[in-house]
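upload-v7.cif follows; it contains mmCIF, C-alpha atoms.
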data_coords
loop_
_atom_site.label_atom_id
_atom_site.label_comp_id
_atom_site.auth_asym_id
_atom_site.auth_seq_id
_atom_site.Cartn_x
_atom_site.Cartn_y
_atom_site.Cartn_z
CA MET L 1337 0.00 0.00 0.00
CA THR L 1338 1.28 3.44 -0.91
CA SER L 1339 1.53 5.91 1.98
CA ILE L 1340 2.07 9.64 2.18
CA LEU L 1341 4.71 10.78 4.65
CA TRP L 1342 3.74 14.25 5.88
CA PHE L 1343 6.80 16.18 7.05
CA ARG L 1344 6.52 19.30 9.21
CA ARG L 1345 8.98 19.99 12.05
CA ASP L 1346 10.54 16.53 11.81
CA LEU L 1347 12.94 16.96 8.90
CA ARG L 1348 15.13 13.88 9.36
CA LEU L 1349 15.40 10.28 8.26
CA SER L 1350 16.91 8.82 11.45
CA ASP L 1351 14.74 8.04 14.47
CA GLN L 1352 11.74 8.98 12.34
CA ALA L 1353 8.85 6.77 13.45
CA ALA L 1354 6.48 7.98 10.71
CA LEU L 1355 9.01 7.19 8.00
CA ILE L 1356 9.75 3.75 9.44
CA ALA L 1357 6.04 2.90 9.59
CA ALA L 1358 5.33 4.17 6.08
CA ALA L 1359 8.33 2.36 4.56
CA GLY L 1360 7.20 -0.86 6.23
CA GLU L 1361 3.88 -0.72 4.42
CA GLY L 1362 5.05 -0.14 0.86
CA PRO L 1363 5.82 2.78 -1.46
CA VAL L 1364 6.25 6.16 0.26
CA VAL L 1365 5.49 9.64 -1.07
CA PRO L 1366 7.26 12.15 1.22
CA VAL L 1367 5.72 15.62 1.16
CA TYR L 1368 6.36 18.96 2.80
CA ILE L 1369 3.55 21.50 2.60
CA LEU L 1370 4.26 25.19 2.99
CA ASP L 1371 1.05 25.97 4.86
CA ASP L 1372 0.64 29.64 5.75
CA GLU L 1373 -3.14 29.33 5.80
CA THR L 1374 -3.65 27.02 8.76
CA PRO L 1375 -1.40 28.91 11.25
CA LYS L 1376 -2.78 32.29 10.05
CA HIS L 1377 -0.92 34.95 12.10
CA ARG L 1378 1.46 32.23 13.34
CA ALA L 1379 2.92 31.53 9.92
CA MET L 1380 6.68 31.13 10.13
CA GLY L 1381 8.81 34.23 10.54
CA GLY L 1382 11.59 35.35 8.25
CA ALA L 1383 14.48 33.68 10.08
CA THR L 1384 12.80 30.28 10.25
CA ARG L 1385 11.95 30.50 6.54
CA TRP L 1386 15.64 30.96 5.81
CA TRP L 1387 16.40 27.84 7.84
CA LEU L 1388 13.55 25.90 6.25
CA HIS L 1389 14.89 26.49 2.74
CA TYR L 1390 18.21 24.83 3.47
CA SER L 1391 16.74 22.13 5.69
CA LEU L 1392 14.34 21.06 2.94
CA ALA L 1393 17.17 21.00 0.40
CA SER L 1394 19.17 18.80 2.78
CA LEU L 1395 16.20 16.50 3.38
CA ASP L 1396 15.54 16.10 -0.34
CA ALA L 1397 19.18 15.18 -0.94
CA ALA L 1398 19.04 12.58 1.84
CA LEU L 1399 15.85 11.10 0.43
CA ARG L 1400 17.33 10.93 -3.06
CA GLY L 1401 20.25 9.03 -1.59
CA LYS L 1402 17.67 6.40 -0.63
CA GLY L 1403 16.00 6.36 -4.03
CA SER L 1404 13.19 8.65 -2.92
CA ARG L 1405 12.54 12.40 -3.15
CA LEU L 1406 10.67 15.20 -1.41
CA ILE L 1407 7.45 16.51 -2.96
CA LEU L 1408 6.79 20.18 -2.26
CA ARG L 1409 3.28 21.59 -2.23
CA ARG L 1410 1.75 24.82 -0.94
CA GLY L 1411 -1.64 25.52 0.65
CA ALA L 1412 -3.87 24.37 3.49
CA SER L 1413 -2.55 21.02 4.70
CA ASP L 1414 -5.84 19.12 4.73
CA ALA L 1415 -6.78 20.19 1.20
CA VAL L 1416 -3.30 19.58 -0.21
CA LEU L 1417 -3.02 16.13 1.39
CA ALA L 1418 -6.48 15.14 0.14
CA ALA L 1419 -5.57 16.18 -3.39
CA LEU L 1420 -2.20 14.41 -3.23
CA ALA L 1421 -3.82 11.24 -1.87
CA ALA L 1422 -6.21 11.18 -4.84
CA GLU L 1423 -3.29 11.62 -7.24
CA VAL L 1424 -1.29 8.70 -5.87
CA GLY L 1425 -4.30 6.50 -5.12
CA THR L 1426 -4.13 6.16 -1.36
CA SER L 1427 -5.88 7.27 1.80
CA ARG L 1428 -3.02 6.56 4.26
CA VAL L 1429 -0.95 9.41 5.71
CA HIS L 1430 1.78 8.99 8.32
CA CYS L 1431 3.14 11.89 10.36
CA ILE L 1432 4.87 12.85 13.59
CA ARG L 1433 2.40 14.33 16.07
CA HIS L 1434 2.66 18.08 16.72
CA TYR L 1435 1.18 20.13 19.56
CA GLU L 1436 0.92 23.70 18.29
CA PRO L 1437 -2.80 24.55 18.25
CA TRP L 1438 -2.87 25.07 14.48
CA TRP L 1439 -1.19 21.73 13.82
CA ARG L 1440 -3.63 19.95 16.13
CA ASN L 1441 -6.45 21.57 14.16
CA ALA L 1442 -4.81 20.48 10.91
CA GLU L 1443 -4.43 16.89 12.14
CA ARG L 1444 -8.13 16.77 13.02
CA ALA L 1445 -9.05 18.18 9.60
CA VAL L 1446 -6.84 15.66 7.79
CA ALA L 1447 -8.22 12.79 9.87
CA ARG L 1448 -11.75 13.68 8.72
CA LYS L 1449 -10.71 13.15 5.09
CA LEU L 1450 -7.96 10.52 5.21
CA ASP L 1451 -6.55 7.67 7.27
CA LEU L 1452 -4.08 9.69 9.37
CA VAL L 1453 -1.62 7.78 11.55
CA CYS L 1454 0.22 9.98 14.05
CA HIS L 1455 3.46 8.87 15.69
CA ASP L 1456 5.54 10.26 18.55
CA GLY L 1457 9.18 11.22 18.33
CA ASN L 1458 9.78 14.97 18.56
CA TYR L 1459 9.93 14.99 22.37
CA LEU L 1460 11.19 12.81 25.19
CA ALA L 1461 7.60 11.79 26.00
CA PRO L 1462 4.27 12.53 24.34
CA ALA L 1463 2.80 15.80 25.60
CA GLY L 1464 0.08 15.11 28.16
CA SER L 1465 1.47 11.70 29.09
CA VAL L 1466 3.39 12.87 32.17
CA THR L 1467 0.77 13.48 34.84
CA THR L 1468 0.35 13.85 38.58
CA GLY L 1469 -0.82 10.99 40.80
CA SER L 1470 -4.39 12.11 40.22
CA GLY L 1471 -3.90 12.06 36.46
CA ASP L 1472 -3.78 15.83 35.97
CA PRO L 1473 -1.20 17.52 33.75
CA TYR L 1474 1.62 19.36 35.49
CA LYS L 1475 1.69 23.13 35.38
CA ILE L 1476 4.97 23.70 37.23
CA TYR L 1477 8.27 22.72 35.64
CA THR L 1478 10.15 21.26 38.62
CA PRO L 1479 7.65 18.49 39.52
CA PHE L 1480 7.08 17.89 35.80
CA TRP L 1481 10.79 17.34 35.22
CA ARG L 1482 11.08 15.17 38.32
CA ALA L 1483 8.31 12.92 37.00
CA LEU L 1484 9.66 12.89 33.44
CA ARG L 1485 13.17 12.11 34.69
CA THR L 1486 11.96 8.85 36.25
CA ARG L 1487 10.97 7.70 32.74
CA MET L 1488 14.37 8.39 31.27
CA PRO L 1489 16.43 7.45 29.39
CA PRO L 1490 14.26 7.46 26.30
CA GLY L 1491 14.29 4.41 24.08
CA ASP L 1492 17.26 3.90 21.80
CA PRO L 1493 16.92 6.03 18.65
CA ALA L 1494 16.01 4.02 15.56
CA ASN L 1495 18.23 3.94 12.50
CA ARG L 1496 16.96 5.27 9.21
CA PRO L 1497 15.36 2.62 6.97
CA ARG L 1498 17.73 0.73 4.72
CA ASP L 1499 15.43 1.41 1.77
CA ILE L 1500 12.53 3.77 1.11
CA PRO L 1501 10.22 2.16 -1.46
CA ALA L 1502 9.33 4.55 -4.28
CA PRO L 1503 5.97 4.83 -6.07
CA SER L 1504 5.80 3.79 -9.70
CA ASN L 1505 5.02 7.38 -10.70
CA TRP L 1506 6.03 10.51 -8.84
CA PRO L 1507 3.49 13.32 -8.45
CA LYS L 1508 4.48 16.82 -9.49
CA SER L 1509 6.37 19.02 -7.07
CA ASP L 1510 6.89 22.75 -6.62
CA ARG L 1511 10.42 24.10 -7.01
CA LEU L 1512 11.95 25.11 -3.71
CA ALA L 1513 13.37 28.30 -5.22
CA ASP L 1514 9.88 29.39 -6.27
CA TRP L 1515 8.81 29.56 -2.64
CA ALA L 1516 11.12 32.57 -2.12
CA LEU L 1517 11.97 31.58 1.44
CA LEU L 1518 15.30 33.38 1.28
CA PRO L 1519 15.45 37.16 1.75
CA THR L 1520 16.80 39.13 -1.20
CA ARG L 1521 16.00 42.85 -0.97
CA PRO L 1522 17.82 43.25 1.29
CA ASP L 1523 19.51 39.96 2.14
CA TRP L 1524 19.44 40.48 5.90
CA ALA L 1525 20.40 36.82 6.43
CA LYS L 1526 23.75 36.99 4.64
CA GLY L 1527 25.59 36.24 7.89
CA PHE L 1528 23.45 33.24 8.82
CA GLY L 1529 25.41 30.82 6.66
CA ASP L 1530 28.59 31.52 8.63
CA GLU L 1531 26.85 30.39 11.82
CA TRP L 1532 24.61 27.53 10.76
CA THR L 1533 24.37 24.38 8.64
CA PRO L 1534 20.68 23.43 8.52
CA GLY L 1535 19.78 19.79 7.95
CA GLU L 1536 20.26 16.43 9.63
CA ALA L 1537 23.97 16.19 8.83
CA GLY L 1538 24.57 19.66 10.27
CA ALA L 1539 22.57 18.75 13.37
CA ARG L 1540 24.66 15.66 14.02
CA ARG L 1541 27.88 17.61 13.58
CA ARG L 1542 26.59 20.11 16.13
CA VAL L 1543 25.86 17.27 18.57
CA ASP L 1544 29.33 15.84 18.02
CA ALA L 1545 30.89 19.24 18.72
CA PHE L 1546 28.95 19.58 21.97
CA VAL L 1547 29.57 16.15 23.48
CA ASP L 1548 32.96 17.00 24.98
CA ALA L 1549 31.63 20.27 26.41
CA ALA L 1550 28.38 18.88 27.84
CA GLY L 1551 29.95 18.06 31.20
CA ASP L 1552 30.84 21.73 31.71
CA TYR L 1553 27.43 23.02 30.67
CA ASP L 1554 26.40 24.56 33.98
CA GLU L 1555 29.74 26.35 34.31
CA THR L 1556 29.79 27.83 30.79
CA ARG L 1557 26.18 28.26 29.65
CA ASN L 1558 25.83 31.67 31.32
CA LEU L 1559 29.01 33.14 29.84
CA PRO L 1560 28.18 34.92 26.57
CA SER L 1561 31.82 35.40 25.61
CA ILE L 1562 32.34 31.63 25.73
CA GLU L 1563 28.87 30.66 24.44
CA GLY L 1564 28.89 27.35 26.29
CA SER L 1565 25.38 26.45 25.18
CA SER L 1566 24.82 23.62 22.73
CA ARG L 1567 23.33 25.70 19.87
CA LEU L 1568 21.12 22.73 19.13
CA SER L 1569 17.84 24.62 19.53
CA PRO L 1570 17.12 25.26 15.81
CA HIS L 1571 18.04 21.70 14.89
CA LEU L 1572 15.71 20.36 17.60
CA HIS L 1573 12.97 22.79 16.60
CA PHE L 1574 13.01 21.60 12.99
CA GLY L 1575 13.34 17.99 14.08
CA GLU L 1576 16.61 17.49 12.23
CA VAL L 1577 17.73 15.46 15.21
CA SER L 1578 15.56 13.78 17.82
CA PRO L 1579 15.84 14.56 21.54
CA ALA L 1580 16.34 10.84 22.15
CA TYR L 1581 19.43 10.90 19.93
CA VAL L 1582 20.80 13.95 21.73
CA TRP L 1583 20.11 12.39 25.13
CA HIS L 1584 21.94 9.17 24.35
CA ARG L 1585 24.92 11.02 22.86
CA VAL L 1586 25.52 13.34 25.82
CA ALA L 1587 24.02 11.69 28.92
CA ASP L 1588 27.30 10.06 29.98
CA ALA L 1589 29.37 13.24 29.72
CA GLY L 1590 29.50 13.57 33.50
CA GLY L 1591 30.01 16.86 35.28
CA SER L 1592 26.96 19.10 35.02
CA VAL L 1593 25.38 17.38 32.03
CA GLU L 1594 22.23 16.84 34.11
CA VAL L 1595 21.59 20.58 33.85
CA PHE L 1596 21.63 20.29 30.06
CA LEU L 1597 19.30 17.28 30.16
CA GLY L 1598 16.92 19.43 32.17
CA GLU L 1599 16.94 21.94 29.31
CA ILE L 1600 15.89 19.15 26.95
CA GLY L 1601 13.13 18.44 29.47
CA TRP L 1602 12.11 22.10 29.37
CA ARG L 1603 11.14 21.62 25.70
CA ASP L 1604 8.76 18.87 26.79
CA TYR L 1605 7.41 21.05 29.59
CA ALA L 1606 6.66 23.86 27.13
CA GLN L 1607 4.68 21.47 24.91
CA ASN L 1608 2.65 20.39 27.93
CA VAL L 1609 1.88 24.03 28.67
CA ILE L 1610 0.53 24.83 25.19
CA LEU L 1611 -1.44 21.58 25.20
CA GLN L 1612 -3.28 22.93 28.26
CA PHE L 1613 -3.25 26.59 27.20
CA PRO L 1614 -3.22 26.83 23.37
CA ASP L 1615 -3.26 30.64 23.41
CA TYR L 1616 -0.24 30.90 25.69
CA GLY L 1617 1.65 32.93 23.09
CA SER L 1618 -0.90 35.74 23.15
CA ARG L 1619 -2.65 35.71 26.52
CA ASN L 1620 -1.41 36.30 30.07
CA ALA L 1621 -1.66 33.11 32.08
CA ARG L 1622 -2.23 35.25 35.19
CA ASP L 1623 -5.35 37.36 34.60
CA ARG L 1624 -4.29 40.15 36.96
CA PHE L 1625 -1.70 41.27 34.40
CA ASP L 1626 -4.48 42.09 31.93
CA ALA L 1627 -4.88 45.33 33.86
CA LEU L 1628 -1.21 46.33 33.70
CA ASP L 1629 -0.74 49.64 31.91
CA TRP L 1630 1.95 48.75 29.37
CA ARG L 1631 3.69 51.63 27.64
CA ARG L 1632 3.12 52.06 23.91
CA SER L 1633 6.35 53.53 22.63
CA ASP L 1634 7.32 52.61 19.08
CA LYS L 1635 10.51 54.63 19.54
CA ASP L 1636 11.67 52.64 22.56
CA LEU L 1637 10.62 49.35 20.99
CA ALA L 1638 12.63 50.17 17.86
CA ALA L 1639 15.67 51.11 19.95
CA TRP L 1640 15.48 47.72 21.65
CA GLN L 1641 15.01 45.87 18.36
CA ARG L 1642 17.99 47.61 16.77
CA GLY L 1643 20.34 47.27 19.74
CA ARG L 1644 20.45 51.00 20.50
CA THR L 1645 19.35 51.12 24.17
CA GLY L 1646 22.63 52.31 25.68
CA TYR L 1647 22.94 49.09 27.68
CA PRO L 1648 25.84 47.19 26.03
CA ILE L 1649 24.82 43.67 27.05
CA VAL L 1650 21.27 44.22 25.76
CA ASP L 1651 22.46 45.83 22.54
CA ALA L 1652 25.02 43.09 21.91
CA GLY L 1653 22.29 40.46 22.21
CA MET L 1654 19.87 42.23 19.92
CA ARG L 1655 22.56 42.77 17.29
CA GLN L 1656 23.66 39.14 17.53
CA LEU L 1657 20.03 38.16 16.97
CA TRP L 1658 19.74 40.29 13.84
CA ALA L 1659 23.06 39.13 12.41
CA THR L 1660 22.77 35.40 13.15
CA GLY L 1661 19.14 34.58 13.96
CA TRP L 1662 20.15 33.45 17.44
CA MET L 1663 20.95 34.91 20.84
CA HIS L 1664 22.83 33.51 23.81
CA ASN L 1665 20.37 32.16 26.40
CA ARG L 1666 21.52 34.30 29.35
CA VAL L 1667 21.40 37.39 27.15
CA ARG L 1668 17.90 36.45 25.95
CA MET L 1669 16.70 36.67 29.54
CA ILE L 1670 18.46 39.98 30.13
CA ALA L 1671 17.14 41.49 26.89
CA ALA L 1672 13.61 40.23 27.55
CA SER L 1673 13.62 41.54 31.11
CA PHE L 1674 14.85 44.92 29.88
CA LEU L 1675 12.00 45.26 27.39
CA ILE L 1676 9.36 44.20 29.89
CA LYS L 1677 10.61 45.84 33.09
CA HIS L 1678 12.89 48.76 32.14
CA LEU L 1679 10.84 49.86 29.12
CA LEU L 1680 7.52 48.53 30.45
CA ILE L 1681 6.57 47.25 27.00
CA ASP L 1682 4.18 44.31 26.70
CA TRP L 1683 5.99 40.97 26.60
CA ARG L 1684 3.96 40.04 23.53
CA LYS L 1685 5.82 42.68 21.51
CA GLY L 1686 9.07 40.92 22.34
CA GLU L 1687 7.62 37.48 21.69
CA GLN L 1688 6.49 38.61 18.24
CA TRP L 1689 9.93 40.05 17.44
CA PHE L 1690 11.65 36.82 18.48
CA TRP L 1691 9.09 34.85 16.46
CA ASP L 1692 10.20 36.66 13.33
CA THR L 1693 13.96 36.88 13.98
CA LEU L 1694 14.98 33.64 15.73
CA VAL L 1695 15.98 30.62 13.66
CA ASP L 1696 14.78 28.50 16.61
CA ALA L 1697 11.47 30.35 16.98
CA ASP L 1698 9.32 27.70 18.65
CA TYR L 1699 5.77 28.58 19.64
CA ALA L 1700 5.80 26.71 22.94
CA SER L 1701 9.33 27.52 24.10
CA ASN L 1702 9.15 31.15 22.98
CA ALA L 1703 5.84 31.78 24.74
CA VAL L 1704 6.78 29.94 27.93
CA ASN L 1705 10.13 31.73 28.15
CA TRP L 1706 8.64 35.19 27.63
CA GLN L 1707 5.89 34.62 30.18
CA TRP L 1708 8.46 33.24 32.63
CA VAL L 1709 10.51 36.44 32.41
CA ALA L 1710 7.40 38.66 32.48
CA GLY L 1711 5.97 37.02 35.59
CA THR L 1712 2.69 36.45 33.76
CA GLY L 1713 3.08 32.69 33.29
CA ILE L 1714 1.70 29.76 35.25
CA ASP L 1715 5.28 29.00 36.30
CA SER L 1716 7.34 32.16 36.17
CA ASN L 1717 9.62 34.64 37.84
CA MET L 1718 7.95 37.28 39.99
CA PHE L 1719 7.37 40.50 38.08
CA SER L 1720 9.24 42.32 40.84
CA ARG L 1721 12.42 40.42 40.02
CA ILE L 1722 14.07 42.88 37.67
CA MET L 1723 17.40 41.90 36.14
CA ALA L 1724 20.11 44.54 36.42
CA PRO L 1725 21.71 44.39 32.96
CA LEU L 1726 24.84 46.32 33.94
CA SER L 1727 25.76 44.09 36.88
CA GLN L 1728 24.68 40.96 34.96
CA SER L 1729 27.07 41.94 32.17
CA GLU L 1730 29.98 42.23 34.57
CA LYS L 1731 29.01 39.16 36.61
CA PHE L 1732 28.95 36.93 33.54
CA ASP L 1733 32.10 38.40 31.99
CA ALA L 1734 30.43 39.64 28.82
CA ALA L 1735 33.22 42.03 27.76
CA GLY L 1736 34.39 39.90 24.83
CA TYR L 1737 30.80 39.34 23.72
CA ILE L 1738 30.12 43.07 23.73
CA ARG L 1739 33.28 43.81 21.75
CA ARG L 1740 32.20 41.39 19.05
CA TRP L 1741 28.66 42.68 18.61
CA VAL L 1742 28.99 46.35 19.58
CA PRO L 1743 32.12 47.44 17.72
CA GLU L 1744 31.70 51.07 18.85
CA LEU L 1745 32.82 49.88 22.28
CA ALA L 1746 35.58 47.52 21.18
CA ASP L 1747 38.40 49.75 22.42
CA LEU L 1748 37.03 50.20 25.95
CA PRO L 1749 38.70 48.36 28.85
CA ASP L 1750 36.86 45.63 30.75
CA ASP L 1751 36.10 47.88 33.71
CA ALA L 1752 34.31 50.41 31.49
CA ILE L 1753 32.71 48.42 28.68
CA HIS L 1754 29.72 47.21 30.71
CA ASP L 1755 28.63 50.78 31.54
CA PRO L 1756 30.52 53.36 29.45
CA ASP L 1757 28.16 56.14 30.60
CA ALA L 1758 29.11 55.66 34.25
CA ALA L 1759 32.79 55.32 33.33
CA GLY L 1760 32.66 58.62 31.45
CA CYS L 1761 34.01 57.18 28.23
CA ARG L 1762 30.96 56.55 26.05
CA PRO L 1763 31.91 57.05 22.38
CA ASP L 1764 29.80 59.52 20.41
CA ALA L 1765 28.72 56.73 18.06
CA TYR L 1766 27.09 54.80 20.90
CA PRO L 1767 23.76 56.01 22.36
CA ALA L 1768 23.23 57.13 25.93
CA LYS L 1769 21.04 54.97 28.14
CA ILE L 1770 17.45 55.09 26.97
CA ILE L 1771 16.41 55.07 30.65
CA GLY L 1772 18.30 54.81 33.92
CA HIS L 1773 18.27 51.47 35.70
CA ARG L 1774 16.78 52.85 38.91
CA GLU L 1775 14.21 54.92 37.02
CA GLY L 1776 13.12 51.93 34.94
CA ARG L 1777 12.95 49.68 37.97
CA GLU L 1778 10.84 52.11 39.99
CA ARG L 1779 8.48 52.70 37.08
CA ALA L 1780 7.93 48.95 36.65
CA LEU L 1781 7.29 48.39 40.35
CA ALA L 1782 4.85 51.31 40.40
CA ALA L 1783 2.94 49.79 37.46
CA MET L 1784 2.78 46.51 39.35
CA ARG L 1785 1.46 48.19 42.50
CA ASP L 1786 -1.29 49.82 40.45
CA ILE L 1787 -2.82 46.45 39.59
CA GLY L 1788 -2.76 45.32 43.23
#

Now, as a test, write the supplied structure out as structure tokens.
Amino acid sequence: MTSILWFRRDLRLSDQAALIAAAGEGPVVPVYILDDETPKHRAMGGATRWWLHYSLASLDAALRGKGSRLILRRGASDAVLAALAAEVGTSRVHCIRHYEPWWRNAERAVARKLDLVCHDGNYLAPAGSVTTGSGDPYKIYTPFWRALRTRMPPGDPANRPRDIPAPSNWPKSDRLADWALLPTRPDWAKGFGDEWTPGEAGARRRVDAFVDAAGDYDETRNLPSIEGSSRLSPHLHFGEVSPAYVWHRVADAGGSVEVFLGEIGWRDYAQNVILQFPDYGSRNARDRFDALDWRRSDKDLAAWQRGRTGYPIVDAGMRQLWATGWMHNRVRMIAASFLIKHLLIDWRKGEQWFWDTLVDADYASNAVNWQWVAGTGIDSNMFSRIMAPLSQSEKFDAAGYIRRWVPELADLPDDAIHDPDAAGCRPDAYPAKIIGHREGRERALAAMRDIG
């Protein structure tokens, strides 16, 4: 029996349960659908489209190495799959299960028309399967991770099929270039290729590069100048490597690798959150924050987006984001806190900017992280905890990081580069602080007091 293999954020051949099942049944027609209709306002942002282009090219090459190929179609997933099924004479579709609300809607729509078989494999455990003793889903990360950890390690990752049976006739496919996923006027992603190699092979090389450093993760992950994080987030987001594969490669690294494994668990936690609260990316989880009087300042928002706030650690992060589609995790928290607390701008403005500019823009992780920093989430920091970007920069030795991304400050000594205004040596080319730390902090706390 011919089957359709519906790819989405699972762009790999190894440890791919849907592919293994489809190949075991007979000829396979792999398809990726560029569906901007089903997600509506949650269609992929510019940075993820750049990544998608190269990941799809890599996937097609891998499939062709197995005697198969990737069919590209565009439109609403349920309609496209129904039309493709009629073309190839089948009703069977295999896929990896997804938890974003639009993908859950799409799966239900497809299942009404075709024989849809969903498989697990993008997370350590299926979302919703880790529950309390009373059978309720967890809302707080720590007990969730404690329960998930008892079920680890995950099963051994499966090898890619030896062969992928091909249909006797291939249906027509769009040309990848015609999708115009890459920016051209201007090409704001021209630096991305120096940082990233999208695709399964690139993902595995990134894992290999991280294995020896995984044991030092807790000691280096907060140091932007070292960038001790794994940089696996975009590869995991696009499913170019499975979390089970990553787990088994790094789990025996010793040292503080358990901290890194907890970060893999955080991805699962975020999926459990959006399964319970599908609108988590656009709605405060704590209703009291609906009354908070956020500032509406396009000027301040633009200064933050462009890395022109006068706070070097914040500006370095925002410029790294624009140049590479990625930002160091510690700096993400500092930059997010600055937008929300110092500038008192709604966290959703920041979430939307990250959605468009991050190559690892993941609905669940992005929303959960922003609400954690904002204090609006079901499990989050208190709003009154306001990061001090100047002292954070010095504490985490960000001088080298700042020199790389804020070249106006490259000649300043370490004791001045974190706060050139206070040191009296701010270059004319670098802006003064958009707001003082104390002023911003007091304004945020006053806004919080106003909502009781």

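We find CA of Leu1341 in chain L and CA of Arg1433 in chain L to be spaced 12.2 Å apart.
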
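Taking all atoms listed in the file into account, Ala1483 in chain L lies nearest to L:Tyr1605 out of the set L:Tyr1605, L:Ala1525, L:Arg1378, L:Asn1458.
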
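In terms of minimum interatomic distance to Gly1457 in chain L, L:Tyr1581 ranks closest within L:Trp1481, L:Tyr1581, L:Tyr1553, L:Tyr1368, counting all atoms listed in the file.
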
Option closest in space to His1455 in chain L, from L:Ala1537, L:Leu1392, L:Val1429, L:Leu1420 [counting all atoms listed in the file]: L:Val1429

Long-range neighbours of Asp1682 in chain L as a ChimeraX atom specification, 12 Å cut-off, only C-alpha atoms, 2 positions minimum in chain: /L:1618-1620,1625-1634,1636-1637,1672-1680,1684-1689,1706-1707,1709-1712,1780

Point (6.5, 3.5, 1.9) neighbourhood (7 Å, only C-alpha atoms) written as number ranges by chain: L: 1338-1339, 1358-1365, 1500-1502

CA of Gln1656 in chain L to CA of Glu1536 in chain L, straight-line distance in Å: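 Between CA of Glu1536 in chain L and CA of Gln1656 in chain L the gap works out to 24.3 Å.
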
For Ser1350 in chain L, list every protein, DNA or RNA residue within 12 Å, evaluated using all atoms listed in the file, and leave out those in the same chain fewer than 3 positions away; present the list as a compact mmCIF listing (two decimals) with C-alpha atoms, in the frame of the given file.
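Result file follows (around.txt):
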# COMPACT_ATOMS: atom_id res chain seq x y z
CA ASP L 1346 10.54 16.53 11.81
CA LEU L 1347 12.94 16.96 8.90
CA ALA L 1353 8.85 6.77 13.45
CA ALA L 1354 6.48 7.98 10.71
CA LEU L 1355 9.01 7.19 8.00
CA ILE L 1356 9.75 3.75 9.44
CA LEU L 1395 16.20 16.50 3.38
CA ALA L 1398 19.04 12.58 1.84
CA LEU L 1399 15.85 11.10 0.43
CA GLY L 1457 9.18 11.22 18.33
CA ASN L 1458 9.78 14.97 18.56
CA ASP L 1492 17.26 3.90 21.80
CA PRO L 1493 16.92 6.03 18.65
CA ALA L 1494 16.01 4.02 15.56
CA ASN L 1495 18.23 3.94 12.50
CA ARG L 1496 16.96 5.27 9.21
CA PRO L 1497 15.36 2.62 6.97
CA ARG L 1498 17.73 0.73 4.72
CA GLY L 1535 19.78 19.79 7.95
CA GLU L 1536 20.26 16.43 9.63
CA ALA L 1537 23.97 16.19 8.83
CA ALA L 1539 22.57 18.75 13.37
CA ARG L 1540 24.66 15.66 14.02
CA GLY L 1575 13.34 17.99 14.08
CA GLU L 1576 16.61 17.49 12.23
CA VAL L 1577 17.73 15.46 15.21
CA SER L 1578 15.56 13.78 17.82
CA PRO L 1579 15.84 14.56 21.54
CA ALA L 1580 16.34 10.84 22.15
CA TYR L 1581 19.43 10.90 19.93

Would you kindly identify which residues have an atom no farther than 9 Å from (16.8, 16.3, 30.2), using all atoms listed in the file and the file's own coordinates, and write them out as an mmCIF file with C-alpha atoms, in the coordinates of the input?
data_model
loop_
_atom_site.group_PDB
_atom_site.id
_atom_site.type_symbol
_atom_site.label_atom_id
_atom_site.label_comp_id
_atom_site.auth_asym_id
_atom_site.auth_seq_id
_atom_site.Cartn_x
_atom_site.Cartn_y
_atom_site.Cartn_z
ATOM 1 C CA LEU L 1460 11.190 12.810 25.190
ATOM 2 C CA TRP L 1481 10.790 17.340 35.220
ATOM 3 C CA LEU L 1484 9.660 12.890 33.440
ATOM 4 C CA ARG L 1485 13.170 12.110 34.690
ATOM 5 C CA MET L 1488 14.370 8.390 31.270
ATOM 6 C CA PRO L 1489 16.430 7.450 29.390
ATOM 7 C CA PRO L 1579 15.840 14.560 21.540
ATOM 8 C CA TRP L 1583 20.110 12.390 25.130
ATOM 9 C CA ALA L 1587 24.020 11.690 28.920
ATOM 10 C CA VAL L 1593 25.380 17.380 32.030
ATOM 11 C CA GLU L 1594 22.230 16.840 34.110
ATOM 12 C CA VAL L 1595 21.590 20.580 33.850
ATOM 13 C CA PHE L 1596 21.630 20.290 30.060
ATOM 14 C CA LEU L 1597 19.300 17.280 30.160
ATOM 15 C CA GLY L 1598 16.920 19.430 32.170
ATOM 16 C CA GLU L 1599 16.940 21.940 29.310
ATOM 17 C CA ILE L 1600 15.890 19.150 26.950
ATOM 18 C CA GLY L 1601 13.130 18.440 29.470
ATOM 19 C CA TRP L 1602 12.110 22.100 29.370
ATOM 20 C CA ARG L 1603 11.140 21.620 25.700
#

Which residue of L:Asp1414, L:Asp1764, L:Asp1696, L:Glu1436 approaches Tyr1616 in chain L most closely, using only C-alpha atoms: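 Among L:Asp1414, L:Asp1764, L:Asp1696, L:Glu1436, it is L:Glu1436 that comes nearest to Tyr1616 in chain L.
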
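Of the listed residues L:Ala1393, L:Ala1697, L:Ile1770, L:Ala1545, the one whose atoms come nearest to Asp1651 in chain L is L:Ile1770, with distances taken using all atoms listed in the file.
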